file protein-v5.txt (compact mmCIF, C-alpha atoms and all ligand atoms)
# COMPACT_ATOMS: atom_id res chain seq x y z
CA MET A 1 100.59 -16.12 33.83
CA LYS A 2 102.83 -19.13 34.57
CA LYS A 3 101.64 -21.49 37.35
CA ILE A 4 104.51 -22.41 39.70
CA ALA A 5 104.88 -25.25 42.21
CA ILE A 6 107.70 -25.06 44.75
CA VAL A 7 108.78 -28.25 46.51
CA GLY A 8 110.86 -27.20 49.53
CA SER A 9 109.53 -23.64 49.78
CA THR A 10 110.79 -23.21 53.37
CA GLY A 11 114.46 -23.86 52.64
CA SER A 12 117.28 -21.64 51.43
CA ILE A 13 116.46 -22.11 47.72
CA GLY A 14 112.72 -22.19 48.35
CA THR A 15 112.63 -18.88 50.22
CA GLN A 16 114.90 -17.25 47.62
CA THR A 17 112.57 -18.53 44.90
CA LEU A 18 109.69 -16.74 46.59
CA GLU A 19 111.83 -13.59 46.80
CA VAL A 20 112.40 -13.80 43.06
CA ILE A 21 108.73 -14.41 42.30
CA ARG A 22 107.86 -11.25 44.26
CA LYS A 23 110.08 -9.31 41.82
CA LEU A 24 108.79 -10.92 38.65
CA ASP A 25 105.46 -10.43 36.89
CA ASN A 26 103.35 -13.23 35.32
CA PHE A 27 104.28 -15.98 37.79
CA ARG A 28 101.70 -17.33 40.24
CA VAL A 29 102.45 -19.85 43.02
CA VAL A 30 99.72 -22.53 42.82
CA ALA A 31 101.36 -25.20 44.97
CA MET A 32 103.92 -25.26 47.77
CA ALA A 33 105.43 -28.07 49.80
CA CYS A 34 107.53 -28.01 52.93
CA GLY A 35 108.93 -30.57 55.32
CA HIS A 36 108.36 -29.60 58.94
CA ASN A 37 108.86 -25.82 59.20
CA PHE A 38 105.17 -25.10 59.75
CA SER A 39 105.59 -21.56 61.15
CA LEU A 40 107.44 -20.31 58.06
CA PHE A 41 105.12 -22.33 55.81
CA GLU A 42 102.09 -20.63 57.39
CA ARG A 43 103.53 -17.19 56.60
CA GLN A 44 104.20 -18.27 53.03
CA LEU A 45 100.66 -19.62 52.63
CA HIS A 46 99.32 -16.27 53.87
CA GLU A 47 101.39 -14.29 51.40
CA PHE A 48 101.11 -16.45 48.27
CA SER A 49 97.65 -18.11 48.76
CA PRO A 50 98.33 -21.22 46.69
CA GLU A 51 95.45 -23.55 45.82
CA TYR A 52 97.47 -26.55 47.04
CA ALA A 53 99.87 -27.21 49.92
CA ALA A 54 101.77 -30.27 51.12
CA MET A 55 103.71 -31.09 54.28
CA LEU A 56 105.52 -34.18 55.38
CA GLU A 57 103.04 -34.65 58.19
CA PRO A 58 99.50 -33.39 58.95
CA ASN A 59 99.00 -30.10 60.79
CA ARG A 60 95.30 -29.61 61.63
CA GLU A 61 95.83 -26.01 62.82
CA LEU A 62 97.14 -25.02 59.40
CA GLU A 63 94.21 -26.71 57.71
CA VAL A 64 91.71 -24.77 59.83
CA ASN A 65 93.51 -21.48 59.12
CA PHE A 66 93.44 -22.06 55.36
CA PRO A 67 90.04 -23.58 54.53
CA SER A 68 90.35 -22.79 50.80
CA VAL A 69 93.71 -24.58 50.42
CA LYS A 70 93.69 -28.30 49.54
CA PHE A 71 96.27 -30.03 51.76
CA PHE A 72 98.31 -33.15 51.05
CA TYR A 73 100.61 -35.08 53.41
CA GLY A 74 103.83 -37.07 53.14
CA ALA A 75 106.06 -37.73 50.15
CA GLU A 76 103.09 -39.39 48.45
CA GLY A 77 101.06 -36.27 49.11
CA ILE A 78 103.68 -34.07 47.46
CA GLU A 79 103.55 -36.29 44.39
CA GLU A 80 99.74 -36.18 44.39
CA MET A 81 99.78 -32.41 44.77
CA LEU A 82 101.95 -32.08 41.65
CA GLU A 83 99.57 -34.38 39.79
CA ILE A 84 96.50 -32.32 40.73
CA ALA A 85 98.11 -28.86 40.47
CA LYS A 86 99.62 -29.48 37.00
CA PRO A 87 101.97 -26.46 37.33
CA ASP A 88 103.66 -25.01 34.27
CA TYR A 89 106.96 -25.02 36.19
CA THR A 90 108.08 -26.97 39.25
CA VAL A 91 110.97 -25.59 41.32
CA LEU A 92 112.62 -28.57 43.00
CA ALA A 93 114.14 -27.00 46.13
CA ALA A 94 113.95 -29.98 48.48
CA SER A 95 117.25 -31.45 49.68
CA GLY A 96 118.39 -35.05 49.49
CA ALA A 97 117.83 -38.11 47.32
CA ILE A 98 114.09 -37.89 48.06
CA GLY A 99 114.13 -35.09 45.50
CA LEU A 100 114.42 -37.64 42.70
CA ARG A 101 110.99 -38.97 43.57
CA TYR A 102 109.51 -35.49 43.27
CA SER A 103 111.48 -34.67 40.12
CA LEU A 104 110.19 -37.80 38.36
CA LYS A 105 106.62 -36.83 39.25
CA ALA A 106 107.17 -33.18 38.33
CA ILE A 107 108.38 -34.22 34.87
CA GLU A 108 105.05 -35.96 34.27
CA HIS A 109 102.97 -32.89 35.19
CA SER A 110 105.06 -29.77 34.49
CA LYS A 111 106.50 -28.41 31.27
CA ARG A 112 109.64 -27.28 33.07
CA LEU A 113 111.58 -28.63 36.03
CA CYS A 114 113.70 -25.85 37.61
CA LEU A 115 116.10 -28.21 39.29
CA ALA A 116 118.12 -27.16 42.35
CA ASN A 117 118.04 -30.68 43.83
CA LYS A 118 121.26 -32.00 42.27
CA GLU A 119 120.71 -35.34 44.05
CA SER A 120 117.95 -36.02 41.49
CA ILE A 121 120.55 -36.15 38.74
CA VAL A 122 123.25 -37.88 40.79
CA CYS A 123 120.82 -40.67 41.76
CA GLY A 124 118.52 -40.63 38.73
CA GLY A 125 121.09 -40.04 35.97
CA LYS A 126 119.92 -41.28 32.58
CA LEU A 127 116.58 -42.50 34.02
CA LEU A 128 115.64 -38.91 34.86
CA LEU A 129 116.90 -37.38 31.62
CA GLU A 130 115.24 -40.03 29.43
CA LYS A 131 111.92 -39.58 31.25
CA ALA A 132 112.14 -35.80 30.71
CA LYS A 133 112.65 -36.45 27.00
CA ARG A 134 109.67 -38.83 26.86
CA TYR A 135 107.43 -36.22 28.51
CA SER A 136 109.00 -33.29 26.58
CA ALA A 137 109.73 -31.63 29.92
CA GLU A 138 112.61 -29.15 30.10
CA ILE A 139 115.15 -29.52 32.90
CA ILE A 140 116.69 -26.11 33.64
CA PRO A 141 119.50 -26.37 36.23
CA VAL A 142 119.34 -23.96 39.18
CA ASP A 143 122.69 -25.04 40.69
CA SER A 144 124.83 -21.94 40.07
CA GLU A 145 127.64 -23.66 38.17
CA HIS A 146 125.25 -25.67 36.01
CA SER A 147 123.06 -22.67 35.29
CA ALA A 148 126.26 -20.96 34.16
CA LEU A 149 127.29 -23.90 31.95
CA PHE A 150 123.75 -24.15 30.54
CA GLN A 151 124.05 -20.49 29.47
CA LEU A 152 127.63 -20.80 28.18
CA LEU A 153 126.75 -23.86 26.07
CA ARG A 154 124.10 -21.99 24.08
CA GLY A 155 124.69 -20.52 20.66
CA ASP A 156 128.21 -21.65 19.85
CA VAL A 157 130.08 -24.79 18.82
CA ARG A 158 130.52 -27.44 21.51
CA PRO A 159 133.52 -26.66 23.73
CA GLU A 160 136.25 -29.30 24.17
CA LYS A 161 136.24 -28.95 27.94
CA ILE A 162 134.06 -27.34 30.62
CA PHE A 163 134.89 -26.33 34.15
CA ILE A 164 133.11 -25.45 37.37
CA THR A 165 134.53 -23.66 40.36
CA ALA A 166 134.51 -24.35 44.09
CA SER A 167 134.78 -21.83 46.88
CA GLY A 168 136.76 -24.37 48.90
CA GLY A 169 134.28 -24.14 51.74
CA ALA A 170 134.65 -22.91 55.29
CA LEU A 171 137.79 -24.92 56.06
CA ARG A 172 139.76 -24.01 52.94
CA ASP A 173 142.57 -22.36 54.95
CA TYR A 174 142.24 -24.55 58.06
CA PRO A 175 145.42 -26.49 58.97
CA LEU A 176 144.98 -29.98 57.52
CA ASP A 177 146.56 -31.69 60.52
CA ARG A 178 143.90 -30.19 62.82
CA ILE A 179 140.90 -30.79 60.59
CA ASN A 180 139.47 -33.39 62.97
CA GLU A 181 139.06 -30.77 65.70
CA VAL A 182 136.68 -28.59 63.71
CA THR A 183 133.27 -27.87 65.13
CA LEU A 184 129.96 -27.71 63.27
CA LYS A 185 130.07 -23.92 63.77
CA ASP A 186 133.44 -23.76 61.97
CA VAL A 187 132.08 -25.84 59.07
CA LEU A 188 128.84 -23.83 58.68
CA ASN A 189 130.74 -20.54 58.59
CA HIS A 190 130.83 -20.46 54.76
CA PRO A 191 133.07 -17.68 53.39
CA VAL A 192 130.83 -16.84 50.43
CA TRP A 193 127.40 -18.50 50.25
CA SER A 194 124.46 -18.70 52.68
CA MET A 195 122.93 -22.14 52.10
CA GLY A 196 121.20 -25.04 53.81
CA VAL A 197 123.11 -27.15 56.33
CA ARG A 198 123.85 -30.19 54.23
CA ILE A 199 125.23 -28.38 51.21
CA THR A 200 127.32 -26.13 53.45
CA VAL A 201 128.99 -29.17 55.03
CA ASP A 202 129.32 -30.67 51.53
CA SER A 203 131.08 -27.49 50.43
CA ALA A 204 133.70 -27.96 53.16
CA THR A 205 134.33 -31.62 52.22
CA MET A 206 133.91 -30.85 48.49
CA VAL A 207 131.37 -33.65 48.32
CA ASN A 208 129.26 -30.90 46.79
CA LYS A 209 131.74 -30.46 43.95
CA GLY A 210 131.78 -34.22 43.58
CA LEU A 211 128.00 -34.24 43.22
CA GLU A 212 128.32 -31.37 40.76
CA ILE A 213 130.78 -33.01 38.38
CA ILE A 214 128.39 -35.97 38.24
CA GLU A 215 125.53 -33.50 37.64
CA ALA A 216 127.52 -31.87 34.81
CA HIS A 217 128.38 -35.27 33.30
CA TYR A 218 124.70 -36.15 32.86
CA LEU A 219 123.34 -32.68 32.09
CA PHE A 220 125.92 -31.80 29.44
CA SER A 221 127.29 -35.21 28.33
CA TYR A 222 130.97 -34.58 29.11
CA ASP A 223 133.41 -37.28 30.23
CA GLU A 224 135.04 -36.89 33.64
CA LYS A 225 138.41 -35.94 32.09
CA ASP A 226 136.78 -32.99 30.29
CA ILE A 227 135.04 -31.61 33.37
CA LEU A 228 137.68 -29.50 35.12
CA THR A 229 137.40 -27.99 38.58
CA TYR A 230 139.18 -25.03 40.12
CA VAL A 231 138.98 -23.08 43.37
CA CYS A 232 137.59 -19.56 42.97
CA LYS A 233 137.70 -18.14 46.49
CA ASN A 234 135.11 -15.38 45.91
CA SER A 235 132.91 -17.61 43.69
CA ALA A 236 132.69 -14.75 41.19
CA ILE A 237 133.56 -17.16 38.37
CA HIS A 238 130.87 -19.85 38.43
CA ALA A 239 131.99 -21.86 35.38
CA GLY A 240 133.76 -21.68 32.06
CA VAL A 241 134.13 -23.42 28.71
CA ILE A 242 137.28 -24.04 26.68
CA TYR A 243 137.11 -24.22 22.87
CA SER A 244 139.37 -26.05 20.43
CA ASP A 245 140.75 -22.71 19.18
CA GLY A 246 142.01 -21.83 22.68
CA THR A 247 139.20 -19.43 23.46
CA ILE A 248 137.89 -19.56 27.05
CA LYS A 249 134.49 -18.12 27.99
CA LEU A 250 133.75 -17.43 31.66
CA HIS A 251 130.41 -16.98 33.45
CA ILE A 252 130.89 -14.36 36.14
CA GLY A 253 128.42 -12.81 38.53
CA LYS A 254 127.40 -11.99 42.06
CA PRO A 255 127.36 -15.15 44.17
CA ASP A 256 123.61 -14.96 44.79
CA MET A 257 121.29 -17.89 44.09
CA ARG A 258 118.42 -15.57 43.19
CA ILE A 259 120.14 -15.01 39.83
CA PRO A 260 120.19 -18.67 38.64
CA ILE A 261 116.75 -19.18 40.20
CA ALA A 262 115.37 -16.24 38.21
CA TYR A 263 117.06 -17.49 35.05
CA SER A 264 115.50 -20.96 35.42
CA LEU A 265 112.09 -19.27 35.52
CA THR A 266 112.54 -16.63 32.80
CA TYR A 267 114.70 -18.65 30.34
CA PRO A 268 115.10 -17.99 27.42
CA GLN A 269 114.53 -14.39 28.55
CA ARG A 270 116.38 -12.67 31.38
CA ALA A 271 114.72 -10.74 34.18
CA ALA A 272 115.81 -7.16 34.82
CA LEU A 273 117.00 -7.80 38.37
CA LYS A 274 117.98 -4.21 38.97
CA ASP A 275 119.67 -4.73 42.35
CA PHE A 276 122.04 -7.18 40.65
CA THR A 277 123.56 -4.90 38.00
CA ALA A 278 127.20 -5.83 38.08
CA SER A 279 130.46 -4.27 36.95
CA PRO A 280 133.52 -6.40 36.06
CA LEU A 281 135.37 -4.10 38.45
CA ASP A 282 133.29 -5.56 41.30
CA TYR A 283 135.28 -8.77 41.33
CA SER A 284 138.90 -9.85 41.39
CA LEU A 285 139.01 -12.87 39.11
CA SER A 286 141.34 -15.70 40.05
CA LEU A 287 141.36 -19.48 39.82
CA GLU A 288 143.55 -21.97 41.70
CA GLU A 289 144.25 -25.68 41.40
CA ILE A 290 142.40 -27.94 43.84
CA ASP A 291 144.51 -29.80 46.44
CA TYR A 292 143.07 -33.32 46.47
CA ARG A 293 144.84 -34.07 49.77
CA ARG A 294 142.50 -31.53 51.37
CA TYR A 295 139.47 -32.67 49.33
CA PRO A 296 139.69 -36.47 48.79
CA ALA A 297 135.92 -36.63 48.25
CA LEU A 298 136.24 -34.83 44.93
CA LYS A 299 138.89 -37.32 43.78
CA LEU A 300 136.60 -40.19 44.83
CA ALA A 301 133.70 -38.67 42.87
CA ARG A 302 135.90 -38.51 39.79
CA GLU A 303 136.60 -42.25 40.15
CA ILE A 304 132.92 -43.25 40.27
CA ILE A 305 131.42 -40.96 37.61
CA GLY A 306 129.21 -43.02 35.29
CA ILE A 307 128.76 -45.92 37.76
CA PRO A 308 125.14 -45.32 38.87
CA SER A 309 125.11 -47.53 41.99
CA LYS A 310 128.28 -45.91 43.32
CA GLN A 311 126.94 -42.43 42.59
CA ILE A 312 123.78 -43.25 44.52
CA ALA A 313 125.94 -44.58 47.38
CA PHE A 314 128.19 -41.49 47.30
CA ASN A 315 125.15 -39.30 47.93
CA ALA A 316 123.40 -41.63 50.40
CA ALA A 317 126.51 -42.19 52.52
CA ASP A 318 127.13 -38.45 52.59
CA GLU A 319 123.56 -37.76 53.72
CA ILE A 320 124.00 -40.27 56.56
CA ALA A 321 127.50 -39.08 57.50
CA VAL A 322 126.58 -35.37 57.43
CA LYS A 323 123.52 -36.00 59.61
CA ASN A 324 125.71 -37.81 62.17
CA PHE A 325 128.37 -35.08 62.06
CA VAL A 326 125.72 -32.37 62.53
CA GLU A 327 124.27 -34.33 65.46
CA GLY A 328 127.73 -34.62 67.03
CA ARG A 329 128.25 -38.40 66.76
CA ILE A 330 131.26 -38.37 64.39
CA SER A 331 134.15 -36.05 63.57
CA PHE A 332 134.36 -34.03 60.37
CA GLY A 333 137.16 -36.27 59.07
CA SER A 334 134.95 -39.36 59.44
CA ILE A 335 132.53 -38.07 56.80
CA TYR A 336 134.89 -38.96 53.96
CA ARG A 337 135.90 -42.29 55.51
CA ILE A 338 132.22 -43.36 55.78
CA ILE A 339 131.57 -42.46 52.15
CA GLU A 340 134.71 -44.25 50.95
CA LYS A 341 133.94 -47.46 52.89
CA THR A 342 130.30 -47.46 51.80
CA ILE A 343 131.20 -47.11 48.13
CA GLU A 344 133.71 -49.97 48.45
CA ARG A 345 130.87 -52.24 49.64
CA ILE A 346 128.42 -51.35 46.85
CA GLU A 347 128.49 -53.39 43.64
CA PRO A 348 128.92 -51.42 40.38
CA ILE A 349 125.48 -51.77 38.76
CA SER A 350 123.09 -49.71 36.62
CA PRO A 351 119.54 -49.69 38.07
CA LYS A 352 116.90 -50.07 35.37
CA ASP A 353 114.13 -48.17 37.16
CA PHE A 354 113.34 -45.94 40.15
CA GLU A 355 112.57 -48.93 42.38
CA GLU A 356 116.09 -50.27 41.83
CA VAL A 357 117.56 -46.81 42.50
CA GLN A 358 115.63 -46.74 45.77
CA ALA A 359 116.86 -50.23 46.71
CA ILE A 360 120.49 -49.21 46.19
CA ASP A 361 119.90 -46.02 48.19
CA VAL A 362 118.40 -48.01 51.08
CA LEU A 363 121.27 -50.53 51.04
CA ALA A 364 123.88 -47.75 50.92
CA ARG A 365 122.27 -46.01 53.89
CA LYS A 366 122.32 -49.26 55.87
CA ILE A 367 126.01 -49.79 55.10
CA ALA A 368 126.82 -46.16 55.88
CA GLN A 369 125.04 -46.45 59.23
CA GLU A 370 127.23 -49.49 60.03
CA GLU A 371 130.32 -47.44 59.09
CA VAL A 372 129.08 -44.59 61.31
CA ARG A 373 128.94 -46.95 64.27
CA LYS A 374 132.62 -47.83 63.68
CA CYS A 375 133.56 -44.11 63.72
CA SER A 376 131.24 -42.89 66.48
CA ARG A 377 132.88 -40.86 69.26
N1 LIG A 401 121.11 -23.37 49.16
C1 LIG A 401 121.81 -23.14 48.08
O1 LIG A 401 122.36 -22.03 47.90
C2 LIG A 401 121.93 -24.19 47.03
C3 LIG A 401 121.21 -25.38 47.11
N2 LIG A 401 121.29 -26.29 46.10
C4 LIG A 401 120.51 -27.51 46.17
O2 LIG A 401 119.14 -27.19 46.39
C5 LIG A 401 118.53 -28.17 47.23
C6 LIG A 401 117.94 -27.49 48.46
O3 LIG A 401 119.03 -26.96 49.17
P1 LIG A 401 118.78 -25.88 50.34
O4 LIG A 401 117.69 -24.96 49.97
O5 LIG A 401 120.11 -25.36 50.70
O6 LIG A 401 118.27 -26.86 51.52
P2 LIG A 401 117.54 -26.48 52.88
O7 LIG A 401 117.92 -27.51 53.86
O8 LIG A 401 117.71 -25.04 53.18
O9 LIG A 401 115.97 -26.69 52.49
C7 LIG A 401 115.50 -27.96 52.19
C8 LIG A 401 114.02 -27.86 51.88
O10 LIG A 401 113.53 -29.15 51.60
C9 LIG A 401 112.50 -29.47 52.55
N3 LIG A 401 112.60 -30.90 52.81
C10 LIG A 401 113.54 -31.54 53.54
N4 LIG A 401 113.31 -32.87 53.50
C11 LIG A 401 112.20 -33.06 52.73
C12 LIG A 401 111.45 -34.20 52.33
N5 LIG A 401 111.78 -35.43 52.72
N6 LIG A 401 110.36 -34.00 51.53
C13 LIG A 401 110.01 -32.75 51.15
N7 LIG A 401 110.67 -31.62 51.50
C14 LIG A 401 111.76 -31.79 52.29
C15 LIG A 401 112.75 -28.60 53.75
O11 LIG A 401 111.55 -28.45 54.47
P3 LIG A 401 111.52 -27.91 56.00
O12 LIG A 401 112.64 -26.95 56.15
O13 LIG A 401 110.15 -27.28 56.11
O14 LIG A 401 111.65 -29.13 56.88
C16 LIG A 401 113.20 -27.32 53.05
O15 LIG A 401 112.09 -26.64 52.57
C17 LIG A 401 119.62 -29.18 47.56
O16 LIG A 401 119.54 -30.27 46.67
C18 LIG A 401 120.90 -28.39 47.32
O17 LIG A 401 121.99 -29.23 46.95
C19 LIG A 401 122.07 -26.09 44.99
C20 LIG A 401 122.82 -24.95 44.88
C21 LIG A 401 122.83 -23.95 45.89
C1 LIG A 402 125.74 -21.74 45.26
C2 LIG A 402 125.98 -23.10 44.74
O1 LIG A 402 125.79 -23.40 43.58
C3 LIG A 402 126.56 -24.08 45.66
O2 LIG A 402 126.55 -25.38 45.10
C4 LIG A 402 127.98 -23.63 45.94
O3 LIG A 402 128.70 -23.87 44.77
C5 LIG A 402 128.54 -24.39 47.09
O4 LIG A 402 129.84 -23.96 47.34
P1 LIG A 402 131.12 -24.72 46.75
O5 LIG A 402 131.36 -24.12 45.43
O6 LIG A 402 132.19 -24.45 47.73
O7 LIG A 402 130.76 -26.19 46.70
MN MN A 403 126.65 -25.32 43.06
call {"tool": "encode", "arguments": {"input": "protein-v5.txt", "output": "structure tokens", "more": "lines below"}}
Ligand SMILES: NC(=O)C1=CN([C@@H]2O[C@H](COP(=O)(O)OP(=O)(O)OC[C@H]3O[C@@H](n4cnc5c(N)ncnc54)[C@H](OP(=O)(O)O)[C@@H]3O)[C@@H](O)[C@H]2O)C=CC1
Ligand SMILES: CC(=O)[C@@H](O)[C@H](O)COP(=O)(O)O
Ligand SMILES: [Mn+2]
result
Amino acid sequence: MKKIAIVGSTGSIGTQTLEVIRKLDNFRVVAMACGHNFSLFERQLHEFSPEYAAMLEPNRELEVNFPSVKFFYGAEGIEEMLEIAKPDYTVLAASGAIGLRYSLKAIEHSKRLCLANKESIVCGGKLLLEKAKRYSAEIIPVDSEHSALFQLLRGDVRPEKIFITASGGALRDYPLDRINEVTLKDVLNHPVWSMGVRITVDSATMVNKGLEIIEAHYLFSYDEKDILTYVCKNSAIHAGVIYSDGTIKLHIGKPDMRIPIAYSLTYPQRAALKDFTASPLDYSLSLEEIDYRRYPALKLAREIIGIPSKQIAFNAADEIAVKNFVEGRISFGSIYRIIEKTIERIEPISPKDFEEVQAIDVLARKIAQEEVRKCSR
């Protein structure tokens, strides 16, 4: 029986992880953490009866209702919970750069980090990967494209190039000259995936694809020029690899995050997810070039790959800009401008530890907030 901890159990990935665990045998949830969604968290605690639970802030009512659960509070509490629970696997399903803090702790106390929180890699880079090596902890990517690449890169010679696909997001066919008029509702109306708010906005700006090429750079040690990106409008093709003999292998499948989540848990085996049996006839397979005029954020990400401080700023500025767009203070078009200006004002440096990563993140957020004020409606 594998002991599982889920950080971010109340989110899109977290709830799908619980769906997968219901279908699988020999996995037991021993620890769960949420942010503020106490009503959903209470239902999850009822169903999965973990020994440990953590929330960003205390909730006495929950404590009374679950006297046998040991509760922890705050980001520190989530770290402490992982330390005490010592899960075999930690599923990192929290969103944002805060995930790096949890990932670093999970690596110390779990044999496997099932990593959906791509921000951990974008902000942590080599620091995260080197710590995983020191602790002999596996990092299995949950992000659909990186799960696909992880699978494609097994059992063959190393491909010359790799590629990941992008759906193009909710605004992919929206007239460019009217992009500033879009509403939050337009942006959240994703044509393919059902995801959390931030990543759905990031899909429309292609900041998400920018984060993902950085993620692929560190996970699979490919240079920017060898990490290609294409639009696949039905997201049936998640990724592919290109060999020196001209052979191309594709990873195709239903665009459903429960599949890469399940794989991160069952690897190196595969679960028999019966309701996912697929036929190649289910999907039309097509790839298109990406128009960087529509998605300047992806071009910007390509320019900063391998510069840790600018990668941290790319993510931090996006978190700040997306929050302000969602809360109606800035237009959709301002998101990119805020990221671009913030990155310009951050020095190109390589932080030597987590404290320095945090300091760059805090500085980038401060700069981004100043840039928001310049763009506010
Ligand atoms: N959703 C998807 O299909 C995909 C997501 N990912 C990645 O997975 C991660 C999660 O995304 P997604 O599930 O969409 O996000 P959601 O916004 O749906 O969920 C985020 C989760 O994190 C919790 N949370 C938020 N802030 C904190 C914090 N400071 N400390 C602890 N927990 C916190 C939330 O708690 P609460 O809601 O209780 O406040 C919630 O449980 C992201 O890094 C995303 O990029 C990658 C590929 C696909
Ligand atoms: C499901 C998943 O992995 C997301 O990261 C998805 O890829 C987002 O959509 P885009 O491909 O449009 O960024
Ligand atoms: Mn992805």
call {"tool": "residues_around", "arguments": {"input": "protein-v5.txt", "residues": "A:Ala272", "least_positions_apart": "5", "cutoff": "12 Å", "atoms": "only C-alpha atoms", "output": "MDAnalysis selection string"}}
result
chainID A and resid 20 23:25 259 262:263 266 277:278
call {"tool": "residues_around", "arguments": {"input": "protein-v5.txt", "residues": "A:Tyr174", "least_positions_apart": "6", "cutoff": "12 Å", "atoms": "only C-alpha atoms", "output": "count of residues only"}}
result
9
call {"tool": "residues_around", "arguments": {"input": "protein-v5.txt", "residues": "A:Glu371", "least_positions_apart": "5", "cutoff": "8 Å", "atoms": "all atoms listed in the file", "output": "PyMOL selection string"}}
result
chain A and resi 338+341-342
call {"tool": "atom_distance", "arguments": {"input": "protein-v5.txt", "atom1": "atom CA of A:Thr17", "atom2": "atom O6 of ligand LIG 402 (chain A)"}}
result
20.7 Å
call {"tool": "residues_around", "arguments": {"input": "protein-v5.txt", "residues": "stretch 101-109 of chain A", "least_positions_apart": "2", "cutoff": "7 Å", "atoms": "only C-alpha atoms", "output": "PyMOL selection string"}}
result
chain A and resi 79+82-83+86-87+90+92+98-99+111+113+120+128+132+135+137
call {"tool": "residues_near_ligand", "arguments": {"input": "protein-v5.txt", "ligand": "ligand LIG 402 (chain A)", "cutoff": "7 Å", "atoms": "only C-alpha atoms and all ligand atoms", "output": "MDAnalysis selection string"}}
result
chainID A and resid 143:145 165:169 193 199:200 202:204 206 208:209 235 255 257
call {"tool": "residues_near_ligand", "arguments": {"input": "protein-v5.txt", "ligand": "ligand LIG 401 (chain A)", "cutoff": "7 Å", "atoms": "all atoms listed in the file", "output": "PyMOL selection string"}}
result
chain A and resi 7-14+33-38+56+75+93-96+98+116-119+142-144+193-199+257
call {"tool": "closest_residue", "arguments": {"input": "protein-v5.txt", "among": "A:Gln358, A:Ser350, A:Gln369, A:Ser264", "to": "A:Pro141", "atoms": "all atoms listed in the file"}}
result
A:Ser264
call {"tool": "closest_residue", "arguments": {"input": "protein-v5.txt", "among": "A:Ile304, A:Ile213, A:Ile162, A:Val241", "to": "ligand MN 403 (chain A)", "atoms": "all atoms listed in the file"}}
result
A:Ile213
call {"tool": "closest_residue", "arguments": {"input": "protein-v5.txt", "among": "A:Lys161, A:Ile214, A:Ile360, A:Asn324", "to": "ligand MN 403 (chain A)", "atoms": "all atoms listed in the file"}}
result
A:Ile214
call {"tool": "atom_distance", "arguments": {"input": "protein-v5.txt", "atom1": "atom CA of A:Gly253", "atom2": "atom CA of A:Pro280"}}
result
8.6 Å
call {"tool": "residues_around", "arguments": {"input": "protein-v5.txt", "residues": "A:Arg302", "least_positions_apart": "5", "cutoff": "12 Å", "atoms": "only C-alpha atoms", "output": "count of residues only"}}
result
26
call {"tool": "atom_distance", "arguments": {"input": "protein-v5.txt", "atom1": "atom CA of A:Arg377", "atom2": "atom CA of A:Val326"}}
result
13.0 Å
call {"tool": "closest_residue", "arguments": {"input": "protein-v5.txt", "among": "A:Ile252, A:Ile367, A:Ser49, A:Glu19", "to": "A:Leu273", "atoms": "all atoms listed in the file"}}
result
A:Glu19
call {"tool": "closest_residue", "arguments": {"input": "protein-v5.txt", "among": "A:Ile6, A:Leu100, A:Ile237, A:Ile78", "to": "ligand MN 403 (chain A)", "atoms": "all atoms listed in the file"}}
result
A:Ile237
call {"tool": "closest_residue", "arguments": {"input": "protein-v5.txt", "among": "A:His238, A:Val192, A:Lys374, A:Asn65", "to": "A:Leu285", "atoms": "all atoms listed in the file"}}
result
A:His238
call {"tool": "residues_near_point", "arguments": {"input": "protein-v5.txt", "point": "(147.0, -32.3, 55.2)", "cutoff": "7 Å", "atoms": "all atoms listed in the file", "output": "list in words"}}
result
Leu176, Asp177, Arg293 and Arg294 of chain A
